[in-house]
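Enquirer: Sharing entry-v1.cif here; it has mmCIF, C-alpha atoms and all ligand atoms.
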```cif
data_entry
loop_
_atom_site.label_atom_id
_atom_site.label_comp_id
_atom_site.auth_asym_id
_atom_site.auth_seq_id
_atom_site.Cartn_x
_atom_site.Cartn_y
_atom_site.Cartn_z
CA MET A 685 10.84 18.97 -69.19
CA ALA A 686 7.55 20.02 -67.61
CA ASP A 687 9.41 22.98 -66.12
CA LYS A 688 10.87 24.12 -69.44
CA MET A 689 7.85 23.58 -71.75
CA SER A 690 4.32 24.81 -71.41
CA ARG A 691 1.52 22.20 -71.74
CA GLN A 692 0.56 23.68 -75.12
CA GLN A 693 4.15 23.56 -76.42
CA PHE A 694 4.49 20.01 -75.25
CA LEU A 695 1.27 18.90 -76.93
CA GLN A 696 2.35 20.64 -80.14
CA TYR A 697 5.63 18.81 -79.90
CA THR A 698 3.81 15.48 -79.97
CA SER A 699 0.08 15.16 -80.24
CA SER A 700 -0.22 11.52 -79.23
CA ALA A 701 -2.54 10.59 -76.38
CA GLY A 702 0.36 8.71 -74.81
CA ALA A 703 2.32 11.95 -74.58
CA ALA A 704 -0.58 13.61 -72.75
CA VAL A 705 -0.57 10.80 -70.20
CA LEU A 706 3.20 11.20 -69.85
CA LEU A 707 2.75 14.94 -69.40
CA SER A 708 0.24 14.58 -66.60
CA SER A 709 2.53 12.13 -64.83
CA LEU A 710 5.47 14.55 -65.23
CA GLU A 711 3.37 17.35 -63.83
CA GLY A 712 2.37 15.11 -60.97
CA PHE A 713 6.05 14.33 -60.36
CA ALA A 714 6.99 18.01 -60.47
CA LEU A 715 4.20 18.83 -58.04
CA GLU A 716 5.31 16.07 -55.72
CA LYS A 717 8.88 17.40 -55.91
CA ARG A 718 7.68 20.91 -55.29
CA GLU A 719 5.85 19.76 -52.21
CA LYS A 720 8.95 17.97 -51.05
CA LYS A 721 11.20 21.01 -51.36
CA LEU A 722 12.97 22.06 -48.20
CA LYS A 723 11.75 25.49 -47.15
CA VAL A 724 14.60 27.70 -46.02
CA ALA A 725 14.60 31.02 -44.15
CA ILE A 726 17.68 33.23 -44.20
CA ILE A 727 18.49 35.56 -41.31
CA GLY A 728 21.10 38.23 -42.05
CA CYS A 729 21.02 39.77 -45.53
CA GLY A 730 24.47 41.38 -45.60
CA SER A 731 27.65 40.62 -47.54
CA VAL A 732 27.71 36.83 -47.32
CA SER A 733 24.05 36.50 -48.31
CA ASN A 734 25.23 37.46 -51.81
CA ARG A 735 26.97 34.08 -51.89
CA TYR A 736 24.40 31.99 -50.04
CA ILE A 737 21.23 33.09 -51.82
CA PRO A 738 22.39 32.27 -55.38
CA HIS A 739 23.93 28.98 -54.21
CA LEU A 740 20.74 27.87 -52.45
CA GLN A 741 18.85 28.85 -55.60
CA THR A 742 20.91 26.36 -57.65
CA SER A 743 19.25 23.50 -55.77
CA SER A 744 16.03 22.06 -57.16
CA LEU A 745 15.36 20.63 -53.68
CA ILE A 746 15.40 23.94 -51.83
CA GLU A 747 13.13 26.95 -51.79
CA ILE A 748 13.97 30.18 -49.94
CA VAL A 749 10.66 31.27 -48.41
CA SER A 750 11.76 33.99 -45.97
CA LEU A 751 14.46 36.65 -45.68
CA CYS A 752 15.06 38.56 -42.45
CA ASP A 753 17.34 41.42 -41.40
CA ILE A 754 17.14 43.92 -38.55
CA LYS A 755 17.89 46.40 -41.30
CA PRO A 756 14.69 45.37 -43.14
CA GLU A 757 15.58 47.28 -46.29
CA ARG A 758 18.39 44.74 -46.79
CA ALA A 759 15.96 41.80 -46.78
CA ILE A 760 13.74 43.64 -49.24
CA ALA A 761 16.69 44.55 -51.49
CA GLN A 762 18.04 40.96 -51.59
CA ASN A 763 14.55 39.63 -52.30
CA LYS A 764 14.40 41.88 -55.33
CA GLN A 765 17.99 41.49 -56.51
CA TYR A 766 17.84 37.68 -56.58
CA ASN A 767 14.14 37.35 -57.52
CA VAL A 768 13.60 35.24 -54.44
CA ASN A 769 9.88 35.90 -54.07
CA ALA A 770 10.17 35.34 -50.32
CA ALA A 771 8.40 36.94 -47.36
CA THR A 772 10.61 39.56 -45.68
CA TYR A 773 10.89 40.30 -41.96
CA ALA A 774 12.70 42.67 -39.60
CA THR A 775 12.90 40.31 -36.61
CA ILE A 776 13.39 36.60 -36.00
CA ASP A 777 10.22 36.48 -33.88
CA GLU A 778 8.10 37.70 -36.79
CA MET A 779 9.82 35.26 -39.12
CA LEU A 780 9.30 32.29 -36.81
CA THR A 781 5.57 32.97 -36.62
CA GLY A 782 5.29 33.93 -40.31
CA VAL A 783 5.55 31.74 -43.42
CA PRO A 784 6.31 28.15 -42.31
CA PHE A 785 9.82 26.81 -43.05
CA ASP A 786 12.06 23.85 -42.24
CA MET A 787 15.62 25.19 -41.86
CA MET A 788 17.05 28.55 -40.82
CA VAL A 789 20.32 29.73 -42.36
CA THR A 790 22.09 32.14 -39.99
CA LEU A 791 24.21 34.81 -41.70
CA THR A 792 24.16 37.62 -39.13
CA ASP A 793 26.86 39.23 -36.99
CA MET A 794 28.82 36.49 -35.23
CA GLN A 795 27.87 37.66 -31.73
CA VAL A 796 24.16 36.86 -32.12
CA HIS A 797 24.43 33.45 -33.82
CA GLY A 798 23.99 31.45 -30.61
CA ALA A 799 20.88 33.30 -29.45
CA LEU A 800 19.24 33.23 -32.89
CA ASN A 801 20.05 29.56 -33.44
CA LYS A 802 18.51 28.73 -30.06
CA LYS A 803 15.29 30.56 -30.93
CA ALA A 804 15.05 28.67 -34.21
CA LEU A 805 15.59 25.28 -32.53
CA LEU A 806 13.01 26.10 -29.85
CA ALA A 807 10.58 26.88 -32.68
CA GLY A 808 11.23 23.45 -34.23
CA LYS A 809 13.52 24.53 -37.08
CA HIS A 810 16.72 22.88 -38.31
CA VAL A 811 19.70 25.24 -38.47
CA TRP A 812 22.71 25.85 -40.70
CA SER A 813 24.82 28.55 -39.07
CA GLU A 814 27.72 30.57 -40.38
CA LYS A 815 30.68 30.40 -38.06
CA PRO A 816 30.76 30.41 -35.16
CA MET A 817 27.53 28.49 -34.40
CA ALA A 818 27.67 29.99 -30.86
CA ASN A 819 29.96 32.27 -28.89
CA THR A 820 31.33 29.65 -26.52
CA TYR A 821 31.80 25.90 -26.64
CA ALA A 822 29.33 25.47 -23.76
CA GLU A 823 26.69 27.49 -25.61
CA GLY A 824 27.30 25.51 -28.80
CA LYS A 825 27.12 22.15 -26.98
CA ALA A 826 23.85 23.21 -25.33
CA LEU A 827 22.47 24.01 -28.80
CA LEU A 828 23.43 20.55 -30.04
CA ASP A 829 21.83 18.91 -26.98
CA LEU A 830 18.68 20.98 -27.55
CA ALA A 831 18.59 19.99 -31.21
CA LYS A 832 19.01 16.30 -30.36
CA SER A 833 16.28 16.43 -27.71
CA ARG A 834 13.88 17.80 -30.35
CA LYS A 835 15.02 15.52 -33.17
CA LEU A 836 16.34 18.52 -35.08
CA ARG A 837 19.66 19.09 -36.83
CA ILE A 838 22.13 21.92 -36.45
CA TRP A 839 25.33 22.43 -38.45
CA GLY A 840 28.06 25.07 -38.38
CA ALA A 841 30.27 26.42 -41.17
CA PRO A 842 32.82 26.07 -42.64
CA ALA A 843 32.36 23.34 -45.24
CA VAL A 844 36.07 22.92 -46.09
CA VAL A 845 35.90 19.13 -45.63
CA ASN A 846 33.67 18.98 -48.73
CA SER A 847 36.40 19.90 -51.21
CA PRO A 848 37.98 17.16 -53.35
CA GLN A 849 41.35 18.58 -52.27
CA PHE A 850 40.52 17.94 -48.61
CA GLU A 851 39.47 14.41 -49.54
CA PHE A 852 42.68 13.86 -51.54
CA MET A 853 44.88 15.10 -48.68
CA SER A 854 43.00 13.05 -46.11
CA LYS A 855 43.35 9.88 -48.19
CA MET A 856 47.09 10.50 -48.70
CA ILE A 857 47.51 10.74 -44.94
CA GLN A 858 45.27 7.78 -44.16
CA GLU A 859 47.02 5.62 -46.76
CA GLY A 860 50.39 6.48 -45.22
CA LYS A 861 51.72 8.12 -48.42
CA LEU A 862 53.50 10.80 -46.35
CA GLY A 863 54.89 8.29 -43.85
CA ARG A 864 54.68 9.28 -40.23
CA ILE A 865 52.97 12.69 -39.95
CA ALA A 866 54.83 15.20 -37.78
CA SER A 867 53.85 18.79 -38.50
CA ALA A 868 51.40 20.99 -40.35
CA HIS A 869 50.78 24.66 -40.90
CA GLY A 870 47.80 26.70 -42.06
CA GLN A 871 47.48 30.41 -42.70
CA TYR A 872 44.76 32.79 -43.77
CA GLY A 873 44.61 36.56 -43.55
CA HIS A 874 43.74 39.76 -45.34
CA THR A 875 43.55 43.39 -44.32
CA GLY A 876 40.20 42.96 -42.59
CA PRO A 877 36.54 43.55 -43.42
CA THR A 878 35.66 47.21 -43.94
CA TRP A 879 31.87 46.99 -43.82
CA SER A 880 30.87 45.91 -40.30
CA ALA A 881 32.17 46.61 -36.79
CA PHE A 882 31.21 43.22 -35.34
CA PHE A 883 34.34 41.60 -36.78
CA TYR A 884 36.40 43.74 -34.35
CA GLU A 885 34.07 43.72 -31.32
CA LYS A 886 34.14 41.28 -28.41
CA GLY A 887 33.18 37.85 -29.73
CA GLY A 888 34.57 38.71 -33.17
CA GLY A 889 38.21 38.50 -34.24
CA SER A 890 40.30 36.88 -36.91
CA MET A 891 40.10 33.41 -35.32
CA PRO A 892 36.32 32.88 -35.64
CA ASP A 893 36.27 34.70 -38.97
CA LEU A 894 39.41 33.39 -40.72
CA GLY A 895 41.47 30.97 -38.60
CA VAL A 896 38.36 28.81 -38.28
CA TYR A 897 38.90 27.49 -41.84
CA ASN A 898 42.45 26.28 -41.17
CA MET A 899 41.45 24.88 -37.77
CA ALA A 900 38.68 22.84 -39.42
CA THR A 901 41.06 21.67 -42.16
CA LEU A 902 43.97 20.73 -39.91
CA THR A 903 41.87 18.93 -37.30
CA GLY A 904 39.90 17.33 -40.15
CA LEU A 905 43.14 16.00 -41.64
CA LEU A 906 45.13 15.23 -38.48
CA GLY A 907 42.40 14.41 -35.97
CA PRO A 908 40.99 16.21 -32.92
CA ALA A 909 43.39 18.41 -30.96
CA ARG A 910 44.14 17.45 -27.34
CA SER A 911 45.49 20.83 -26.26
CA VAL A 912 46.10 24.38 -27.46
CA MET A 913 48.72 27.06 -26.89
CA ALA A 914 48.33 30.45 -28.48
CA MET A 915 49.44 34.04 -28.70
CA THR A 916 46.99 36.62 -29.93
CA SER A 917 47.28 40.38 -30.22
CA ILE A 918 45.67 43.54 -31.48
CA VAL A 919 47.94 45.13 -34.06
CA LYS A 920 45.59 47.94 -35.11
CA PRO A 921 43.68 49.30 -32.06
CA GLU A 922 41.42 51.55 -34.14
CA ARG A 923 39.60 50.93 -37.40
CA THR A 924 37.13 52.80 -39.56
CA VAL A 925 34.20 50.72 -40.75
CA ASP A 926 31.14 51.51 -42.87
CA ASP A 927 28.43 50.89 -40.27
CA LYS A 928 29.94 52.61 -37.19
CA GLY A 929 32.77 54.87 -38.42
CA LYS A 930 35.84 54.95 -36.17
CA ILE A 931 35.81 52.10 -33.62
CA LYS A 932 38.09 50.66 -30.94
CA VAL A 933 39.20 47.12 -31.76
CA ALA A 934 38.38 44.74 -28.90
CA ALA A 935 38.94 41.31 -30.49
CA GLU A 936 42.31 39.95 -31.64
CA ASP A 937 43.32 40.82 -35.18
CA ASN A 938 46.46 38.66 -35.09
CA ALA A 939 46.70 35.06 -33.84
CA HIS A 940 49.16 32.16 -33.74
CA VAL A 941 47.69 28.92 -32.48
CA LEU A 942 49.53 25.66 -31.77
CA LEU A 943 47.50 22.45 -31.74
CA GLU A 944 48.66 19.19 -30.17
CA HIS A 945 47.11 16.16 -31.90
CA ASP A 946 47.53 12.46 -31.08
CA LYS A 947 50.82 10.59 -31.70
CA GLY A 948 53.02 13.66 -31.26
CA VAL A 949 51.62 15.54 -34.27
CA ILE A 950 51.75 19.34 -33.87
CA SER A 951 50.07 21.84 -36.16
CA HIS A 952 50.05 25.61 -36.31
CA VAL A 953 47.50 28.14 -37.55
CA MET A 954 48.23 31.81 -38.15
CA CYS A 955 45.51 34.25 -39.08
CA GLY A 956 44.90 37.96 -38.95
CA PHE A 957 43.32 41.12 -40.26
CA ASN A 958 46.66 42.77 -41.13
CA TYR A 959 47.94 40.50 -43.87
CA PHE A 960 48.71 42.17 -47.16
CA ASP A 961 47.39 39.89 -49.88
CA PRO A 962 46.77 41.39 -53.30
CA HIS A 963 44.33 38.58 -54.13
CA GLY A 964 42.09 39.38 -51.16
CA HIS A 965 38.85 37.47 -51.27
CA GLU A 966 39.03 36.85 -55.01
CA ALA A 967 41.31 33.91 -54.49
CA GLY A 968 40.56 32.08 -57.75
CA ASN A 969 44.15 32.36 -58.98
CA GLN A 970 45.79 32.23 -55.60
CA SER A 971 48.98 30.21 -55.95
CA LEU A 972 50.39 30.31 -52.41
CA HIS A 973 50.47 27.22 -50.24
CA SER A 974 48.10 28.01 -47.43
CA ILE A 975 48.19 24.52 -45.89
CA GLN A 976 51.34 22.44 -45.53
CA ILE A 977 51.53 18.91 -44.13
CA TYR A 978 54.85 17.20 -43.42
CA GLY A 979 55.60 13.53 -42.82
CA ASP A 980 58.90 11.64 -42.90
CA TYR A 981 58.19 10.18 -46.38
CA GLY A 982 56.52 13.13 -48.06
CA ASN A 983 54.79 16.46 -47.83
CA MET A 984 51.71 18.12 -49.32
CA ARG A 985 50.96 21.77 -49.95
CA LEU A 986 47.46 23.01 -50.74
CA ILE A 987 47.38 25.66 -53.46
CA GLY A 988 44.89 28.45 -52.91
CA TYR A 989 42.91 28.39 -49.71
CA ASP A 990 41.06 25.54 -48.04
CA TRP A 991 37.86 27.45 -48.87
CA GLU A 992 39.03 28.17 -52.44
CA THR A 993 41.07 25.14 -53.45
CA ASN A 994 43.20 25.03 -56.59
CA GLY A 995 45.17 21.80 -56.26
CA VAL A 996 47.67 19.98 -54.09
CA MET A 997 51.45 19.77 -54.58
CA LEU A 998 52.53 16.29 -53.53
CA ASP A 999 56.21 15.63 -52.84
CA THR A 1000 57.11 12.02 -52.10
CA SER A 1001 60.31 11.51 -54.09
CA TRP A 1002 64.00 12.36 -53.48
CA ASP A 1003 64.72 12.61 -57.22
CA LYS A 1004 61.47 13.55 -58.99
CA PRO A 1005 59.87 16.98 -58.80
CA ALA A 1006 56.73 17.51 -56.76
CA ALA A 1007 53.53 16.68 -58.67
CA LEU A 1008 50.47 18.90 -58.94
CA MET A 1009 47.53 16.69 -57.96
CA SER A 1010 43.78 17.04 -57.41
CA LYS A 1011 43.26 20.14 -59.56
CA ASP A 1012 39.53 19.67 -60.14
CA LYS A 1013 37.28 21.42 -57.61
CA GLY A 1014 34.43 19.12 -58.64
CA GLY A 1015 31.86 21.87 -58.12
CA TYR A 1016 32.99 22.60 -54.55
CA GLU A 1017 32.14 26.13 -53.37
CA TRP A 1018 32.83 27.36 -49.85
CA GLN A 1019 29.29 28.72 -49.58
CA GLU A 1020 27.73 25.31 -50.33
CA GLY A 1021 27.32 24.13 -46.73
CA ALA A 1022 23.69 25.14 -46.23
CA THR A 1023 22.70 23.77 -49.64
CA LYS A 1024 24.37 20.41 -48.98
CA ALA A 1025 22.98 20.15 -45.45
CA GLY A 1026 19.49 21.09 -46.66
CA GLU A 1027 19.60 18.57 -49.50
CA ALA A 1028 20.82 15.88 -47.11
CA LEU A 1029 17.93 16.65 -44.74
CA LEU A 1030 15.46 16.21 -47.56
CA LYS A 1031 17.04 13.03 -48.91
CA GLY A 1032 17.62 11.52 -45.47
CA THR A 1033 21.39 11.26 -46.06
CA GLU A 1034 24.26 12.48 -43.90
CA PRO A 1035 26.34 15.45 -45.14
CA ARG A 1036 30.12 15.30 -44.62
CA VAL A 1037 30.12 18.45 -42.48
CA ASN A 1038 29.73 17.33 -38.88
CA VAL A 1039 28.45 19.56 -36.08
CA GLU A 1040 30.78 18.03 -33.50
CA HIS A 1041 33.70 19.08 -35.69
CA ALA A 1042 32.38 22.67 -35.70
CA LEU A 1043 32.04 22.49 -31.90
CA HIS A 1044 35.60 21.21 -31.59
CA VAL A 1045 36.87 24.19 -33.60
CA LEU A 1046 34.82 26.49 -31.37
CA GLU A 1047 36.48 24.95 -28.32
CA ILE A 1048 39.90 25.53 -29.95
CA ILE A 1049 39.12 29.24 -30.49
CA GLU A 1050 37.98 29.67 -26.91
CA ALA A 1051 41.03 27.77 -25.63
CA ALA A 1052 43.35 29.92 -27.78
CA ARG A 1053 41.91 33.08 -26.20
CA LYS A 1054 42.39 31.58 -22.75
CA SER A 1055 45.92 30.36 -23.50
CA SER A 1056 46.94 33.78 -24.80
CA ALA A 1057 45.48 35.52 -21.76
CA THR A 1058 47.08 33.16 -19.21
CA GLY A 1059 50.23 31.97 -20.97
CA MET A 1060 49.12 28.40 -20.24
CA LYS A 1061 48.53 25.32 -22.37
CA VAL A 1062 44.77 24.58 -22.40
CA LYS A 1063 43.45 21.00 -22.57
CA LEU A 1064 40.43 20.28 -24.77
CA LYS A 1065 37.62 17.85 -24.06
CA SER A 1066 35.69 17.68 -27.32
CA LYS A 1067 36.16 15.12 -30.11
CA PHE A 1068 34.45 14.47 -33.42
CA PRO A 1069 34.11 11.46 -35.74
CA TRP A 1070 37.50 11.00 -37.43
CA PRO A 1071 38.84 10.35 -40.01
CA VAL A 1072 36.36 12.55 -41.82
CA VAL A 1073 36.98 10.77 -45.12
N1 LIG B 1 31.29 38.39 -45.97
C1 LIG B 1 31.90 37.26 -46.28
O1 LIG B 1 32.55 37.14 -47.34
C2 LIG B 1 31.80 36.06 -45.39
C3 LIG B 1 32.33 34.86 -45.84
C4 LIG B 1 32.19 33.71 -45.06
C5 LIG B 1 31.52 33.81 -43.86
N2 LIG B 1 31.02 35.01 -43.40
C6 LIG B 1 30.33 35.03 -42.10
O2 LIG B 1 28.98 35.41 -42.34
C7 LIG B 1 28.47 36.14 -41.22
C8 LIG B 1 27.95 37.49 -41.71
O3 LIG B 1 29.01 38.19 -42.30
P1 LIG B 1 28.74 39.38 -43.34
O4 LIG B 1 30.06 39.73 -43.90
O5 LIG B 1 27.64 38.98 -44.25
O6 LIG B 1 28.26 40.54 -42.36
P2 LIG B 1 27.32 41.78 -42.72
O7 LIG B 1 27.50 42.79 -41.67
O8 LIG B 1 27.54 42.18 -44.14
O9 LIG B 1 25.84 41.16 -42.62
C9 LIG B 1 25.27 40.77 -41.41
C10 LIG B 1 23.80 41.15 -41.47
O10 LIG B 1 23.13 40.59 -40.34
C11 LIG B 1 22.16 41.55 -39.92
N3 LIG B 1 21.80 41.26 -38.52
C12 LIG B 1 22.55 41.45 -37.41
N4 LIG B 1 21.88 41.06 -36.31
C13 LIG B 1 20.69 40.59 -36.73
C14 LIG B 1 19.56 40.03 -36.07
N5 LIG B 1 19.55 39.88 -34.74
N6 LIG B 1 18.50 39.65 -36.82
C15 LIG B 1 18.52 39.81 -38.16
N7 LIG B 1 19.54 40.33 -38.84
C16 LIG B 1 20.64 40.71 -38.14
C17 LIG B 1 22.82 42.89 -40.12
O11 LIG B 1 21.89 43.95 -40.16
C18 LIG B 1 23.55 42.65 -41.44
O12 LIG B 1 22.76 43.04 -42.55
C19 LIG B 1 29.62 36.21 -40.23
O13 LIG B 1 29.51 35.13 -39.34
C20 LIG B 1 30.86 36.03 -41.09
O14 LIG B 1 31.93 35.50 -40.36
C21 LIG B 1 31.13 36.13 -44.16
#
```
Using the file provided, produce a representation of the structure as structure tokens.
Ligand SMILES: NC(=O)c1ccc[n+]([C@@H]2O[C@H](COP(=O)([O-])OP(=O)(O)OC[C@H]3O[C@@H](n4cnc5c(N)ncnc54)[C@H](O)[C@@H]3O)[C@@H](O)[C@H]2O)c1
Expert:
Amino acid sequence: MADKMSRQQFLQYTSSAGAAVLLSSLEGFALEKREKKLKVAIIGCGSVSNRYIPHLQTSSLIEIVSLCDIKPERAIAQNKQYNVNAATYATIDEMLTGVPFDMMVTLTDMQVHGALNKKALLAGKHVWSEKPMANTYAEGKALLDLAKSRKLRIWGAPAVVNSPQFEFMSKMIQEGKLGRIASAHGQYGHTGPTWSAFFYEKGGGSMPDLGVYNMATLTGLLGPARSVMAMTSIVKPERTVDDKGKIKVAAEDNAHVLLEHDKGVISHVMCGFNYFDPHGHEAGNQSLHSIQIYGDYGNMRLIGYDWETNGVMLDTSWDKPAALMSKDKGGYEWQEGATKAGEALLKGTEPRVNVEHALHVLEIIEAARKSSATGMKVKLKSKFPWPVV
């Protein structure tokens, strides 16, 4: 109320002395809340910042105090477009020594995430990083160890485990509604980003950009993978992108990844930058089943994508048709990870997204590259707390 009404309006509304006392206590409360807001700095003010900035702004517990981009005009433009009222910087070093903040949100090219996240941790900042949180599993694990040693937190996207549909599917599996789980499949592709070259350069590729969602969903539902076999390829060796014109593609733009889970369960992820999909990124009405889970008593198919969930078809009967379940997204948005992690930091609670899960997915991506290059099955060492929900 103190936010919406001026002091004068409030006193006109009720002139009692009691109301004035109430007002001053509300103001005091608002001030206390303001002081308790988590101060966030965003690095990388490109495409995805158009999703993160407005989402972070929906939180009364978070304040964006800094925006940074090596193309500084982008930081300035986003500051203006979203009325952020933040300080703007051209380099991370300037930002780290500028306006104080608590958590950095990393939205830059994938290849520099690890180095930037390390700098932030060394400067005493918590980190939410877009995927991947580092370029290799070893680099990511070292970041987590560094964070722990400094009593800091680091998290990596995606936030697919937050959706009510993920929760529904996980509970169906955990409650044995599908019987003995055997197989699962996930797929995600489009015709590839057109704006930036990094998606196609070494360290980029469709696995860390797209397959990562299905890998997080399938391991989140079925448990950590023990080993990986994969085939990856480059279907389109040249692309034309906005920032660099015609480029040679160095990272895979087509991948099939087999995951071996415990108890004989096998899952499969296919992803790529050459998938015709008329819905593209506006997947609100997407009706395909992008995730399928099969057991010997039932199966489930996720409608939409795991990052843009529209419901789950549940089939557990020989004579009744499959039922459409869990249609309500409950406010879930794929870009909510930094907001939820930041709010959890402030409240002292634990968000559902777990950094060891992100590291496990990173190890899968690295193992898939190795398996494709060598033709060998690659064993994994990482685990994460499971079941997730
Ligand atoms: N675009 C999307 O819809 C989308 C969705 C989900 C996740 N992501 C992820 O978000 C990340 C960014 O993707 P994008 O599409 O926004 O790319 P983008 O190219 O549009 O933006 C990246 C920005 O980072 C800046 N940058 C690069 N290096 C920097 C550095 N060292 N310091 C400061 N700024 C730097 C670039 O100048 C650019 O403005 C990637 O990890 C991508 O996988 C993107």
Enquirer: Mind giving me the straight-line distance from atom C2 of ligand LIG 1 (chain B) to CA of Met794 in chain A in Å, one decimal?
Expert: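 It comes out at 10.6 Å.
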Enquirer: Taking a cut-off of 7 Å and counting all atoms listed in the file, can you build a table that, for each residue of range 772-876 of chain A near range 742-765 of chain A, reports the nearest atom pair and how far apart they are in Å (one decimal), sorted by chain then residue number, as a Markdown table?
Expert:
```
| residue | atom | partner | partner_atom | distance |
| --- | --- | --- | --- | --- |
| A:Thr772 | CA | A:Leu751 | CA | 4.8 |
| A:Tyr773 | CA | A:Cys752 | CA | 4.5 |
| A:Ala774 | CA | A:Ile754 | CA | 4.7 |
| A:Thr775 | CA | A:Ile754 | CA | 5.9 |
| A:Ile776 | CA | A:Cys752 | CA | 6.9 |
```
Enquirer: Within 9 Å of ligand LIG 1 (chain B) (counting only C-alpha atoms and all ligand atoms), which residues show up? I'd like them as a PyMOL selection string.
Expert: chain A and resi 726-735+752-756+758-759+773-776+790-797+799-800+813-817+841-842+877+879-883+888+892-894+927+965+1018-1019
Enquirer: Can you tell me which residues surround Leu986 in chain A at a distance of at most 12 Å, considering all atoms listed in the file, apart from same-chain residues fewer than 2 positions away, and format the answer as number ranges by chain?
Expert: A: 847-854, 868-871, 898, 901-902, 970-978, 983-984, 988-999, 1007-1011
Enquirer: Would you list the contacts of Ala822 in chain A as a ChimeraX atom specification, taking every protein, DNA or RNA residue within 10 Å and counting all atoms listed in the file, but skipping same-chain residues closer than 5 positions in sequence?
Expert: /A:827-828,1043,1046-1047
